[in-house]
$ cat data.csv   # CSV, C-alpha atoms
chain,number,residue,atom,x,y,z
Z,20,MET,CA,0.0,0.0,0.0
Z,21,SER,CA,1.2,3.5,-0.9
Z,22,GLU,CA,2.0,5.8,2.0
Z,23,LYS,CA,1.2,8.7,-0.2
Z,24,ILE,CA,-2.4,9.9,-0.5
Z,25,ILE,CA,-3.4,9.4,-4.2
Z,26,TYR,CA,-5.8,12.2,-4.7
Z,27,LEU,CA,-8.2,11.5,-7.7
Z,28,ASP,CA,-11.1,13.6,-6.7
Z,29,ASN,CA,-10.2,16.9,-8.4
Z,30,ALA,CA,-13.7,17.4,-9.8
Z,31,ALA,CA,-14.8,17.8,-6.2
Z,32,SER,CA,-12.0,20.2,-5.2
Z,33,THR,CA,-8.4,20.7,-6.2
Z,34,PRO,CA,-5.2,21.2,-4.1
Z,35,ILE,CA,-4.6,24.9,-3.5
Z,36,ARG,CA,-1.9,26.3,-5.8
Z,37,GLN,CA,1.1,27.8,-4.0
Z,38,GLU,CA,0.6,31.1,-5.9
Z,39,ALA,CA,-2.9,31.4,-4.4
Z,40,ILE,CA,-1.6,30.6,-0.9
Z,41,ASP,CA,1.1,33.3,-1.2
Z,42,VAL,CA,-1.2,36.1,-2.2
Z,43,MET,CA,-3.8,35.1,0.2
Z,44,ILE,CA,-1.4,35.1,3.1
Z,45,SER,CA,-0.1,38.5,2.0
Z,46,ALA,CA,-3.6,39.9,1.9
Z,47,LEU,CA,-4.5,38.5,5.3
Z,48,GLU,CA,-1.4,39.9,6.9
Z,49,ASN,CA,-1.1,43.2,5.2
Z,50,CYS,CA,-4.4,44.3,3.8
Z,51,PHE,CA,-7.2,43.5,6.3
Z,52,GLY,CA,-9.1,46.7,5.8
Z,53,ASN,CA,-12.7,46.8,4.6
Z,54,PRO,CA,-12.7,47.4,0.9
Z,55,SER,CA,-15.8,49.6,1.2
Z,56,GLY,CA,-14.0,52.1,3.5
Z,57,ALA,CA,-12.3,55.3,2.6
Z,58,HIS,CA,-8.9,55.1,4.4
Z,59,LYS,CA,-5.6,53.9,3.0
Z,60,MET,CA,-5.9,50.3,4.0
Z,61,ALA,CA,-9.5,50.1,2.7
Z,62,ARG,CA,-8.4,51.6,-0.6
Z,63,GLU,CA,-5.6,49.1,-0.9
Z,64,ALA,CA,-8.1,46.2,-0.3
Z,65,ARG,CA,-10.3,47.7,-3.0
Z,66,ARG,CA,-7.3,47.9,-5.4
Z,67,LEU,CA,-6.5,44.2,-4.8
Z,68,ILE,CA,-10.1,43.3,-5.7
Z,69,ASP,CA,-10.0,45.5,-8.8
Z,70,ASP,CA,-6.8,43.9,-9.9
Z,71,ALA,CA,-8.4,40.5,-9.4
Z,72,ARG,CA,-11.3,41.5,-11.6
Z,73,ASP,CA,-8.8,42.5,-14.3
Z,74,THR,CA,-7.0,39.2,-14.1
Z,75,LEU,CA,-10.1,37.0,-14.1
Z,76,SER,CA,-11.6,39.0,-17.0
Z,77,ILE,CA,-8.9,37.6,-19.3
Z,78,GLY,CA,-9.7,34.0,-18.6
Z,79,LEU,CA,-13.5,34.6,-18.8
Z,80,GLY,CA,-13.5,36.8,-21.9
Z,81,CYS,CA,-15.4,39.6,-20.3
Z,82,ASP,CA,-15.1,43.2,-19.2
Z,83,PRO,CA,-13.8,43.4,-15.5
Z,84,LYS,CA,-16.9,45.3,-14.5
Z,85,GLU,CA,-19.1,42.3,-15.6
Z,86,ILE,CA,-17.6,40.1,-12.8
Z,87,ILE,CA,-19.6,39.8,-9.6
Z,88,PHE,CA,-17.8,38.0,-6.8
Z,89,THR,CA,-19.7,35.4,-4.8
Z,90,ALA,CA,-19.1,32.8,-2.1
Z,91,GLY,CA,-18.8,30.0,-4.7
Z,92,GLY,CA,-20.3,28.2,-7.6
Z,93,THR,CA,-23.6,27.4,-5.9
Z,94,GLU,CA,-24.3,31.0,-5.1
Z,95,ALA,CA,-23.3,32.1,-8.6
Z,96,ASP,CA,-25.7,29.6,-10.1
Z,97,ASN,CA,-28.5,30.5,-7.7
Z,98,LEU,CA,-28.0,34.2,-8.4
Z,99,ALA,CA,-28.1,33.7,-12.1
Z,100,ILE,CA,-31.3,31.7,-12.0
Z,101,PHE,CA,-33.3,33.3,-9.2
Z,102,GLY,CA,-32.0,36.8,-10.1
Z,103,SER,CA,-33.0,36.4,-13.8
Z,104,HIS,CA,-36.4,35.0,-12.9
Z,105,SER,CA,-37.1,37.8,-10.3
Z,106,ALA,CA,-36.2,40.5,-12.8
Z,107,ARG,CA,-38.1,39.1,-15.8
Z,108,GLN,CA,-40.6,36.5,-14.8
Z,109,GLY,CA,-41.3,33.5,-17.1
Z,110,THR,CA,-40.2,30.0,-17.7
Z,111,VAL,CA,-36.6,28.8,-16.9
Z,112,LEU,CA,-35.0,25.7,-18.6
Z,113,ALA,CA,-32.0,23.7,-17.6
Z,114,SER,CA,-30.2,20.5,-18.6
Z,115,ILE,CA,-31.4,17.6,-16.6
Z,116,THR,CA,-27.8,16.5,-16.0
Z,117,ASP,CA,-26.7,19.9,-14.6
Z,118,HIS,CA,-25.4,20.4,-11.0
Z,119,HIS,CA,-28.0,20.5,-8.3
Z,120,ALA,CA,-27.2,24.2,-7.8
Z,121,VAL,CA,-28.9,24.7,-11.2
Z,122,VAL,CA,-31.5,21.9,-11.3
Z,123,ALA,CA,-32.9,22.6,-7.8
Z,124,PRO,CA,-33.6,26.3,-8.4
Z,125,VAL,CA,-35.1,25.6,-11.8
Z,126,GLU,CA,-37.4,23.0,-10.2
Z,127,GLN,CA,-38.4,25.3,-7.4
Z,128,LEU,CA,-39.4,27.9,-9.9
Z,129,GLY,CA,-41.6,25.4,-11.8
Z,130,GLY,CA,-39.2,25.3,-14.7
Z,131,LYS,CA,-38.5,22.5,-17.1
Z,132,LEU,CA,-35.6,20.1,-17.6
Z,133,ILE,CA,-34.1,19.4,-21.0
Z,134,GLN,CA,-33.3,15.7,-21.7
Z,135,VAL,CA,-30.0,14.4,-22.8
Z,136,SER,CA,-28.9,11.6,-25.2
Z,137,GLU,CA,-27.2,8.4,-24.0
Z,138,ASP,CA,-23.8,10.0,-24.5
Z,139,GLY,CA,-24.7,12.9,-22.2
Z,140,LEU,CA,-25.2,15.6,-24.8
Z,141,LEU,CA,-28.2,17.9,-24.6
Z,142,ASP,CA,-31.1,16.7,-26.7
Z,143,LEU,CA,-31.4,19.6,-29.1
Z,144,ASP,CA,-34.8,18.4,-30.4
Z,145,HIS,CA,-36.2,18.4,-26.9
Z,146,LEU,CA,-34.7,21.9,-26.3
Z,147,ASP,CA,-36.4,23.1,-29.4
Z,148,TYR,CA,-39.7,21.6,-28.3
Z,149,LEU,CA,-39.5,23.3,-24.9
Z,150,LEU,CA,-38.6,26.8,-26.2
Z,151,ASP,CA,-41.3,29.4,-26.7
Z,152,GLU,CA,-41.8,33.2,-26.1
Z,153,ASN,CA,-42.3,32.6,-22.3
Z,154,VAL,CA,-38.8,31.2,-21.8
Z,155,ILE,CA,-36.6,33.8,-20.1
Z,156,LEU,CA,-33.5,31.7,-19.2
Z,157,VAL,CA,-31.8,28.6,-20.5
Z,158,SER,CA,-29.1,27.1,-18.3
Z,159,VAL,CA,-26.7,24.5,-19.6
Z,160,GLY,CA,-23.4,23.5,-17.9
Z,161,LEU,CA,-20.4,23.7,-20.3
Z,162,VAL,CA,-18.9,20.5,-18.7
Z,163,ASN,CA,-20.7,17.8,-16.7
Z,164,GLY,CA,-19.1,17.3,-13.3
Z,165,GLU,CA,-19.6,13.5,-13.2
Z,166,THR,CA,-18.9,12.4,-16.8
Z,167,GLY,CA,-16.7,15.2,-18.0
Z,168,VAL,CA,-18.9,15.6,-21.2
Z,169,ILE,CA,-18.5,18.9,-23.0
Z,170,GLN,CA,-21.7,20.5,-24.3
Z,171,ASP,CA,-21.8,22.2,-27.7
Z,172,LEU,CA,-22.8,25.6,-26.3
Z,173,GLU,CA,-22.7,27.4,-29.6
Z,174,SER,CA,-25.3,25.0,-31.1
Z,175,ILE,CA,-27.5,25.4,-28.1
Z,176,VAL,CA,-27.3,29.2,-28.2
Z,177,GLU,CA,-28.2,29.2,-31.9
Z,178,ILE,CA,-31.4,27.3,-31.2
Z,179,VAL,CA,-32.3,29.5,-28.3
Z,180,ARG,CA,-31.8,32.7,-30.2
Z,181,GLN,CA,-34.0,31.5,-33.0
Z,182,LYS,CA,-36.9,30.2,-30.8
Z,183,ALA,CA,-36.7,32.5,-27.8
Z,184,PRO,CA,-34.6,35.5,-28.8
Z,185,GLU,CA,-35.3,37.3,-25.5
Z,186,ALA,CA,-34.1,34.5,-23.3
Z,187,LEU,CA,-30.8,34.7,-21.4
Z,188,ILE,CA,-28.2,32.0,-21.7
Z,189,HIS,CA,-26.5,30.8,-18.5
Z,190,THR,CA,-23.7,28.3,-18.4
Z,191,ASP,CA,-22.2,26.8,-15.3
Z,192,ALA,CA,-18.5,26.7,-16.2
Z,193,VAL,CA,-17.3,25.5,-12.8
Z,194,GLN,CA,-15.9,22.2,-14.2
Z,195,ALA,CA,-14.8,23.7,-17.5
Z,196,PHE,CA,-12.5,26.5,-16.4
Z,197,PRO,CA,-9.5,24.2,-15.5
Z,198,TRP,CA,-9.6,22.5,-18.9
Z,199,LEU,CA,-11.2,24.7,-21.5
Z,200,ASP,CA,-10.9,28.1,-23.0
Z,201,VAL,CA,-14.1,29.4,-21.4
Z,202,ALA,CA,-13.5,32.9,-22.8
Z,203,SER,CA,-14.0,31.5,-26.3
Z,204,LEU,CA,-16.5,28.7,-25.7
Z,205,ALA,CA,-18.8,30.7,-23.6
Z,206,GLN,CA,-18.6,34.0,-25.5
Z,207,SER,CA,-22.3,33.8,-26.4
Z,208,ALA,CA,-23.4,33.2,-22.9
Z,209,ASP,CA,-25.1,36.1,-21.0
Z,210,LEU,CA,-24.2,34.6,-17.5
Z,211,ILE,CA,-21.2,32.4,-16.6
Z,212,SER,CA,-20.5,30.8,-13.2
Z,213,ILE,CA,-17.2,29.7,-11.8
Z,214,ALA,CA,-15.9,28.4,-8.5
Z,215,GLY,CA,-12.3,29.0,-7.3
Z,216,HIS,CA,-11.7,25.7,-5.5
Z,217,LYS,CA,-12.0,23.8,-8.8
Z,218,PHE,CA,-8.8,25.3,-10.2
Z,219,GLY,CA,-6.5,25.8,-7.2
Z,220,ALA,CA,-8.1,28.5,-5.1
Z,221,PRO,CA,-9.6,28.1,-1.6
Z,222,LYS,CA,-13.2,27.0,-1.1
Z,223,GLY,CA,-15.8,29.7,-0.5
Z,224,VAL,CA,-15.1,32.0,-3.4
Z,225,GLY,CA,-16.5,32.2,-6.9
Z,226,ALA,CA,-17.9,34.6,-9.5
Z,227,LEU,CA,-20.8,35.2,-11.8
Z,228,VAL,CA,-20.2,37.0,-15.1
Z,229,ILE,CA,-23.2,39.2,-16.0
Z,230,ARG,CA,-22.8,40.7,-19.4
Z,231,ASP,CA,-23.2,44.4,-19.8
Z,232,GLY,CA,-26.9,45.3,-20.3
Z,233,VAL,CA,-28.2,42.1,-18.7
Z,234,GLN,CA,-30.5,42.9,-15.8
Z,235,ILE,CA,-30.9,40.5,-12.8
Z,236,SER,CA,-32.4,41.2,-9.4
Z,237,PRO,CA,-30.1,40.9,-6.4
Z,238,MET,CA,-30.8,38.1,-4.0
Z,239,GLN,CA,-28.8,39.6,-1.2
Z,240,LEU,CA,-29.3,43.2,0.0
Z,241,GLY,CA,-27.1,45.3,2.2
Z,242,GLY,CA,-24.3,47.7,1.6
Z,243,GLY,CA,-24.5,47.7,-2.2
Z,244,GLN,CA,-21.2,46.0,-2.9
Z,245,GLU,CA,-20.6,44.4,-6.3
Z,246,LEU,CA,-22.7,47.0,-8.1
Z,247,GLY,CA,-25.6,46.3,-5.8
Z,248,VAL,CA,-26.1,42.8,-7.3
Z,249,ARG,CA,-24.4,41.0,-4.4
Z,250,SER,CA,-24.1,43.0,-1.2
Z,251,GLY,CA,-21.7,42.0,1.6
Z,252,THR,CA,-18.1,42.8,2.5
Z,253,GLN,CA,-15.9,41.1,-0.1
Z,254,ASN,CA,-13.5,38.4,1.0
Z,255,THR,CA,-10.4,40.2,-0.3
Z,256,ALA,CA,-7.9,37.4,0.5
Z,257,ALA,CA,-9.9,34.7,-1.2
Z,258,ILE,CA,-10.7,36.9,-4.2
Z,259,THR,CA,-7.0,37.6,-4.7
Z,260,ALA,CA,-6.2,33.9,-4.3
Z,261,MET,CA,-8.8,33.0,-6.9
Z,262,ALA,CA,-7.3,35.5,-9.4
Z,263,ALA,CA,-3.8,34.1,-8.8
Z,264,ALA,CA,-5.0,30.6,-9.3
Z,265,ALA,CA,-6.9,31.6,-12.5
Z,266,ASP,CA,-3.9,33.3,-13.9
Z,267,VAL,CA,-1.7,30.2,-13.5
Z,268,THR,CA,-4.5,28.0,-14.8
Z,269,VAL,CA,-4.9,29.9,-18.0
Z,270,LYS,CA,-1.2,30.3,-18.7
Z,271,GLU,CA,-0.5,26.6,-18.1
Z,272,ARG,CA,-3.7,25.2,-19.4
Z,273,ASP,CA,-2.5,23.8,-22.7
Z,274,VAL,CA,0.5,22.1,-21.2
Z,275,THR,CA,-1.6,20.7,-18.3
Z,276,VAL,CA,-4.3,19.4,-20.6
Z,277,GLU,CA,-1.8,17.6,-22.8
Z,278,ARG,CA,0.0,16.0,-19.8
Z,279,VAL,CA,-3.1,15.1,-17.9
Z,280,ALA,CA,-5.0,13.7,-21.0
Z,281,ALA,CA,-2.1,11.3,-21.5
Z,282,LEU,CA,-2.3,10.1,-17.9
Z,283,ARG,CA,-6.1,9.8,-18.1
Z,284,ASN,CA,-5.9,7.8,-21.3
Z,285,GLU,CA,-3.4,5.3,-19.7
Z,286,LEU,CA,-5.8,4.9,-16.7
Z,287,ALA,CA,-8.9,4.6,-18.8
Z,288,ASP,CA,-7.3,2.0,-21.1
Z,289,LYS,CA,-6.3,-0.1,-18.1
Z,290,LEU,CA,-9.8,0.1,-16.6
Z,291,GLN,CA,-11.3,-0.7,-20.0
Z,292,GLU,CA,-9.7,-4.2,-19.6
Z,293,VAL,CA,-11.8,-4.9,-16.5
Z,294,PRO,CA,-14.5,-7.4,-17.5
Z,295,GLN,CA,-18.0,-6.1,-17.9
Z,296,SER,CA,-17.1,-2.4,-17.4
Z,297,TYR,CA,-18.7,0.5,-19.1
Z,298,GLU,CA,-17.0,3.9,-19.6
Z,299,THR,CA,-19.5,6.7,-19.2
Z,300,GLY,CA,-19.7,9.9,-21.2
Z,301,VAL,CA,-17.9,8.5,-24.3
Z,302,ALA,CA,-18.8,6.9,-27.5
Z,303,LEU,CA,-17.6,3.4,-28.3
Z,304,HIS,CA,-16.9,2.6,-31.9
Z,305,ASN,CA,-15.4,-0.8,-32.9
Z,306,GLY,CA,-13.8,-1.1,-29.5
Z,307,ILE,CA,-12.0,2.3,-29.8
Z,308,VAL,CA,-12.9,4.8,-27.1
Z,309,ASN,CA,-13.5,8.3,-28.4
Z,310,ARG,CA,-12.7,10.7,-25.6
Z,311,GLU,CA,-12.6,13.8,-27.8
Z,312,ASN,CA,-15.8,15.1,-26.1
Z,313,LYS,CA,-14.6,14.8,-22.5
Z,314,ILE,CA,-12.3,17.1,-20.5
Z,315,ALA,CA,-8.8,15.8,-19.9
Z,316,GLY,CA,-9.2,15.2,-16.2
Z,317,SER,CA,-12.3,13.0,-16.4
Z,318,CYS,CA,-12.2,9.2,-16.1
Z,319,HIS,CA,-15.6,7.8,-15.2
Z,320,PHE,CA,-16.6,4.1,-15.3
Z,321,CYS,CA,-19.5,1.9,-14.2
Z,322,PHE,CA,-18.7,-1.6,-13.1
Z,323,GLU,CA,-21.2,-4.4,-12.9
Z,324,GLY,CA,-21.4,-6.6,-9.8
Z,325,ILE,CA,-20.0,-4.1,-7.3
Z,326,GLU,CA,-21.3,-1.3,-5.1
Z,327,SER,CA,-19.6,2.1,-5.3
Z,328,GLU,CA,-19.4,2.6,-1.5
Z,329,ALA,CA,-17.6,-0.7,-1.0
Z,330,LEU,CA,-15.1,0.1,-3.7
Z,331,LEU,CA,-14.5,3.6,-2.4
Z,332,PHE,CA,-14.0,2.3,1.1
Z,333,MET,CA,-11.4,-0.3,-0.1
Z,334,LEU,CA,-9.7,2.3,-2.3
Z,335,GLU,CA,-9.3,4.6,0.8
Z,336,GLN,CA,-7.7,1.7,2.6
Z,337,GLU,CA,-5.1,1.8,-0.1
Z,338,ASN,CA,-4.8,5.6,0.3
Z,339,ILE,CA,-6.6,6.3,-3.0
Z,340,VAL,CA,-9.2,9.0,-2.7
Z,341,ALA,CA,-12.0,9.1,-5.3
Z,342,SER,CA,-15.8,9.4,-5.5
Z,343,ALA,CA,-18.8,7.8,-7.2
Z,344,ALA,CA,-20.5,10.9,-8.4
Z,345,SER,CA,-20.9,14.6,-7.5
Z,346,SER,CA,-19.5,15.3,-4.1
Z,347,CYS,CA,-22.0,18.0,-3.2
Z,348,SER,CA,-24.5,16.0,-1.2
Z,349,SER,CA,-22.9,16.0,2.3
Z,350,GLY,CA,-21.1,12.8,1.6
Z,351,ALA,CA,-24.2,10.8,0.6
Z,352,GLN,CA,-23.7,8.4,-2.3
Z,353,ASP,CA,-27.2,8.7,-3.8
Z,354,PRO,CA,-28.0,7.2,-7.2
Z,355,SER,CA,-26.7,9.6,-9.9
Z,356,HIS,CA,-29.3,11.7,-11.6
Z,357,VAL,CA,-26.8,12.2,-14.4
Z,358,LEU,CA,-26.4,8.5,-15.2
Z,359,ALA,CA,-30.2,7.9,-14.8
Z,360,ALA,CA,-30.8,10.7,-17.4
Z,361,MET,CA,-28.3,9.0,-19.7
Z,362,GLY,CA,-30.2,5.7,-19.5
Z,363,TYR,CA,-28.0,3.8,-17.1
Z,364,SER,CA,-29.9,1.3,-14.9
Z,365,ARG,CA,-29.9,1.8,-11.2
Z,366,ASP,CA,-27.8,-1.3,-10.6
Z,367,LEU,CA,-25.2,-0.4,-13.2
Z,368,ALA,CA,-25.0,3.2,-11.9
Z,369,GLY,CA,-24.6,1.8,-8.4
Z,370,GLY,CA,-21.2,0.6,-9.5
Z,371,SER,CA,-19.9,4.0,-10.7
Z,372,LEU,CA,-16.4,5.3,-10.1
Z,373,ARG,CA,-15.3,8.8,-10.8
Z,374,LEU,CA,-11.6,9.2,-11.0
Z,375,SER,CA,-10.9,12.9,-11.6
Z,376,LEU,CA,-7.3,14.1,-12.3
Z,377,GLY,CA,-6.0,17.6,-11.8
Z,378,HIS,CA,-3.0,19.9,-12.2
Z,379,ALA,CA,-1.2,18.1,-9.4
Z,380,THR,CA,-1.8,14.5,-10.6
Z,381,THR,CA,1.4,12.5,-11.3
Z,382,TRP,CA,2.3,9.4,-13.2
Z,383,GLU,CA,3.0,7.7,-9.8
Z,384,ASP,CA,-0.6,8.4,-8.8
Z,385,ILE,CA,-2.0,6.9,-12.0
Z,386,SER,CA,0.3,3.8,-11.9
Z,387,ILE,CA,-0.8,3.0,-8.3
Z,388,ALA,CA,-4.5,3.5,-9.3
Z,389,MET,CA,-4.1,1.3,-12.4
Z,390,GLU,CA,-2.9,-1.6,-10.2
Z,391,ALA,CA,-5.3,-1.1,-7.3
Z,392,VAL,CA,-8.7,-0.6,-9.0
Z,393,PRO,CA,-8.8,-3.8,-11.1
Z,394,LYS,CA,-7.5,-5.8,-8.1
Z,395,LEU,CA,-10.1,-4.4,-5.7
Z,396,ILE,CA,-13.0,-4.9,-8.2
Z,397,GLY,CA,-12.0,-8.5,-8.6
Z,398,ASN,CA,-11.9,-8.9,-4.8
Z,399,LEU,CA,-15.4,-7.4,-4.5
Z,400,ARG,CA,-16.8,-9.6,-7.2
Z,401,ARG,CA,-15.4,-12.8,-5.7
Z,402,THR,CA,-16.8,-12.0,-2.2
Z,403,GLY,CA,-20.1,-10.7,-3.6
Z,404,SER,CA,-19.8,-7.4,-1.8
$ encode --input "data.csv" --output "structure tokens"
Amino acid sequence: MSEKIIYLDNAASTPIRQEAIDVMISALENCFGNPSGAHKMAREARRLIDDARDTLSIGLGCDPKEIIFTAGGTEADNLAIFGSHSARQGTVLASITDHHAVVAPVEQLGGKLIQVSEDGLLDLDHLDYLLDENVILVSVGLVNGETGVIQDLESIVEIVRQKAPEALIHTDAVQAFPWLDVASLAQSADLISIAGHKFGAPKGVGALVIRDGVQISPMQLGGGQELGVRSGTQNTAAITAMAAAADVTVKERDVTVERVAALRNELADKLQEVPQSYETGVALHNGIVNRENKIAGSCHFCFEGIESEALLFMLEQENIVASAASSCSSGAQDPSHVLAAMGYSRDLAGGSLRLSLGHATTWEDISIAMEAVPKLIGNLRRTGS
């Protein structure tokens, strides 16, 4: 057993980058003034926040003034959906496989969920069917957090603009930002959500891009910070840390994607050899796995004859940390709504394993996982666990 922790749960949260730690410590020690104040230290805190906006705007492809800082991806998603609905009234739509931070608000507002195909891509015919003049918002995540599937946002936007030209487009780019050029791929979106802890920043900080001219109602009132859209004293240290992490992520993204994709492919090829296993979020053609429509860090399988919780427990005994699905349900391993929407049976989905790689993943990590996972699956099948 490896003494090192093999961390393969980067889709849940990534290790904090050293650059983020350094600027965060500096802000905590040297710039603890309230950025809404008027004195020197307050002005310095406000300058750090303004600089962070400038840095993030490059990676998000927006004007700095279009960035609203939040306490994370969930708040950004909620603000986009509830804020849009409050300002405009009407029907909201979302992909059925989106994160619960999107699906739950849409369901609460009496909205409708768009179906997906068996490969996880949005059903464009169903989207077209649901669209009418009453639709005021369509929310589709750029990358799925469980399967790593990338949505064709441009095709989605084109359909929405034709059938419901007044509707806003929101994309949850939380899982996309570490791997994809969000500035380019989400350029047609009116609202974009990100979360810092997915790309090397601390937890509890995120952002919502609100394009110039888009009106949404604030969900949090108070001192009028963030252009009055999101009141509350800003977390200067966390915001600067997120900007630092974003800067490194964007500059190193191409190199990281190439390196991590190679590691993911080695791992996926090995797991493909396990009898009766199904790789999710990909297309199989003549035995060749096409991973072109998945982010580089995603390796997601379903294994027959095992239970995810048992496999995850045994992996942890080997110091390998992973998950079965989204890690945003207080640790509960509930059946995946994503796999159900893709047509996977409850039994097969119950044997899911999400191994998600990140910027800190090494070949040693992958080689240990490649040896351990097939062995443990074999043990579980033999014992009937």
$ atom_distance --input "data.csv" --atom1 "CA of Val42 in chain Z" --atom2 "CA of Thr259 in chain Z"
6.5 Å
$ closest_residue --input "data.csv" --among "Z:Pro354, Z:Gly109, Z:Pro393, Z:Pro54" --to "Gly369 in chain Z" --atoms "only C-alpha atoms"
Z:Pro354
$ closest_residue --input "data.csv" --among "Z:Ala71, Z:Leu334, Z:Val228, Z:Ile396" --to "Pro294 in chain Z" --atoms "only C-alpha atoms"
Z:Ile396
$ closest_residue --input "data.csv" --among "Z:Tyr363, Z:Leu376, Z:Ile258, Z:Pro237" --to "Ala281 in chain Z" --atoms "only C-alpha atoms"
Z:Leu376
$ residues_near_point --input "data.csv" --point "(-7.8, 5.0, 0.3)" --cutoff "10 Å" --atoms "all atoms listed in the file" --output "compact mmCIF listing (two decimals) with C-alpha atoms, keeping the file's coordinate frame"
# COMPACT_ATOMS: atom_id res chain seq x y z
CA MET Z 20 0.00 0.00 0.00
CA SER Z 21 1.20 3.50 -0.90
CA GLU Z 22 2.00 5.80 2.00
CA LYS Z 23 1.20 8.70 -0.20
CA ILE Z 24 -2.40 9.90 -0.50
CA ILE Z 25 -3.40 9.40 -4.20
CA TYR Z 26 -5.80 12.20 -4.70
CA LEU Z 330 -15.10 0.10 -3.70
CA LEU Z 331 -14.50 3.60 -2.40
CA PHE Z 332 -14.00 2.30 1.10
CA MET Z 333 -11.40 -0.30 -0.10
CA LEU Z 334 -9.70 2.30 -2.30
CA GLU Z 335 -9.30 4.60 0.80
CA GLN Z 336 -7.70 1.70 2.60
CA GLU Z 337 -5.10 1.80 -0.10
CA ASN Z 338 -4.80 5.60 0.30
CA ILE Z 339 -6.60 6.30 -3.00
CA VAL Z 340 -9.20 9.00 -2.70
CA ALA Z 341 -12.00 9.10 -5.30
$ closest_residue --input "data.csv" --among "Z:Leu47, Z:Val179, Z:Met361, Z:Ile40" --to "Thr166 in chain Z" --atoms "all atoms listed in the file"
Z:Met361
$ residues_near_point --input "data.csv" --point "(-12.7, 28.5, -16.1)" --cutoff "9 Å" --atoms "all atoms listed in the file" --output "list in words"
Gly78, Leu79, Ala192, Val193, Gln194, Ala195, Phe196, Pro197, Trp198, Leu199, Asp200, Val201, Ala202, Ser212, Ile213, Ala214, Gly215, Lys217, Phe218, Ala265, Thr268 and Val269 of chain Z
$ write_last_selection --input "data.csv" --atoms "C-alpha atoms" --output "compact mmCIF listing (two decimals), in the frame of the given file"
# COMPACT_ATOMS: atom_id res chain seq x y z
CA GLY Z 78 -9.70 34.00 -18.60
CA LEU Z 79 -13.50 34.60 -18.80
CA ALA Z 192 -18.50 26.70 -16.20
CA VAL Z 193 -17.30 25.50 -12.80
CA GLN Z 194 -15.90 22.20 -14.20
CA ALA Z 195 -14.80 23.70 -17.50
CA PHE Z 196 -12.50 26.50 -16.40
CA PRO Z 197 -9.50 24.20 -15.50
CA TRP Z 198 -9.60 22.50 -18.90
CA LEU Z 199 -11.20 24.70 -21.50
CA ASP Z 200 -10.90 28.10 -23.00
CA VAL Z 201 -14.10 29.40 -21.40
CA ALA Z 202 -13.50 32.90 -22.80
CA SER Z 212 -20.50 30.80 -13.20
CA ILE Z 213 -17.20 29.70 -11.80
CA ALA Z 214 -15.90 28.40 -8.50
CA GLY Z 215 -12.30 29.00 -7.30
CA LYS Z 217 -12.00 23.80 -8.80
CA PHE Z 218 -8.80 25.30 -10.20
CA ALA Z 265 -6.90 31.60 -12.50
CA THR Z 268 -4.50 28.00 -14.80
CA VAL Z 269 -4.90 29.90 -18.00
$ atom_distance --input "data.csv" --atom1 "CA of Ala280 in chain Z" --atom2 "CA of Val392 in chain Z"
19.0 Å
$ atom_distance --input "data.csv" --atom1 "CA of Ile68 in chain Z" --atom2 "CA of Thr255 in chain Z"
6.2 Å
$ residues_around --input "data.csv" --residues "Thr299 in chain Z" --least-positions-apart "4" --cutoff "7 Å" --atoms "all atoms listed in the file" --output "list in words"
Thr166, His319, Phe320 and Cys321 of chain Z
$ closest_residue --input "data.csv" --among "Z:Leu187, Z:Val111, Z:Val301, Z:Val125" --to "Ile314 in chain Z" --atoms "all atoms listed in the file"
Z:Val301
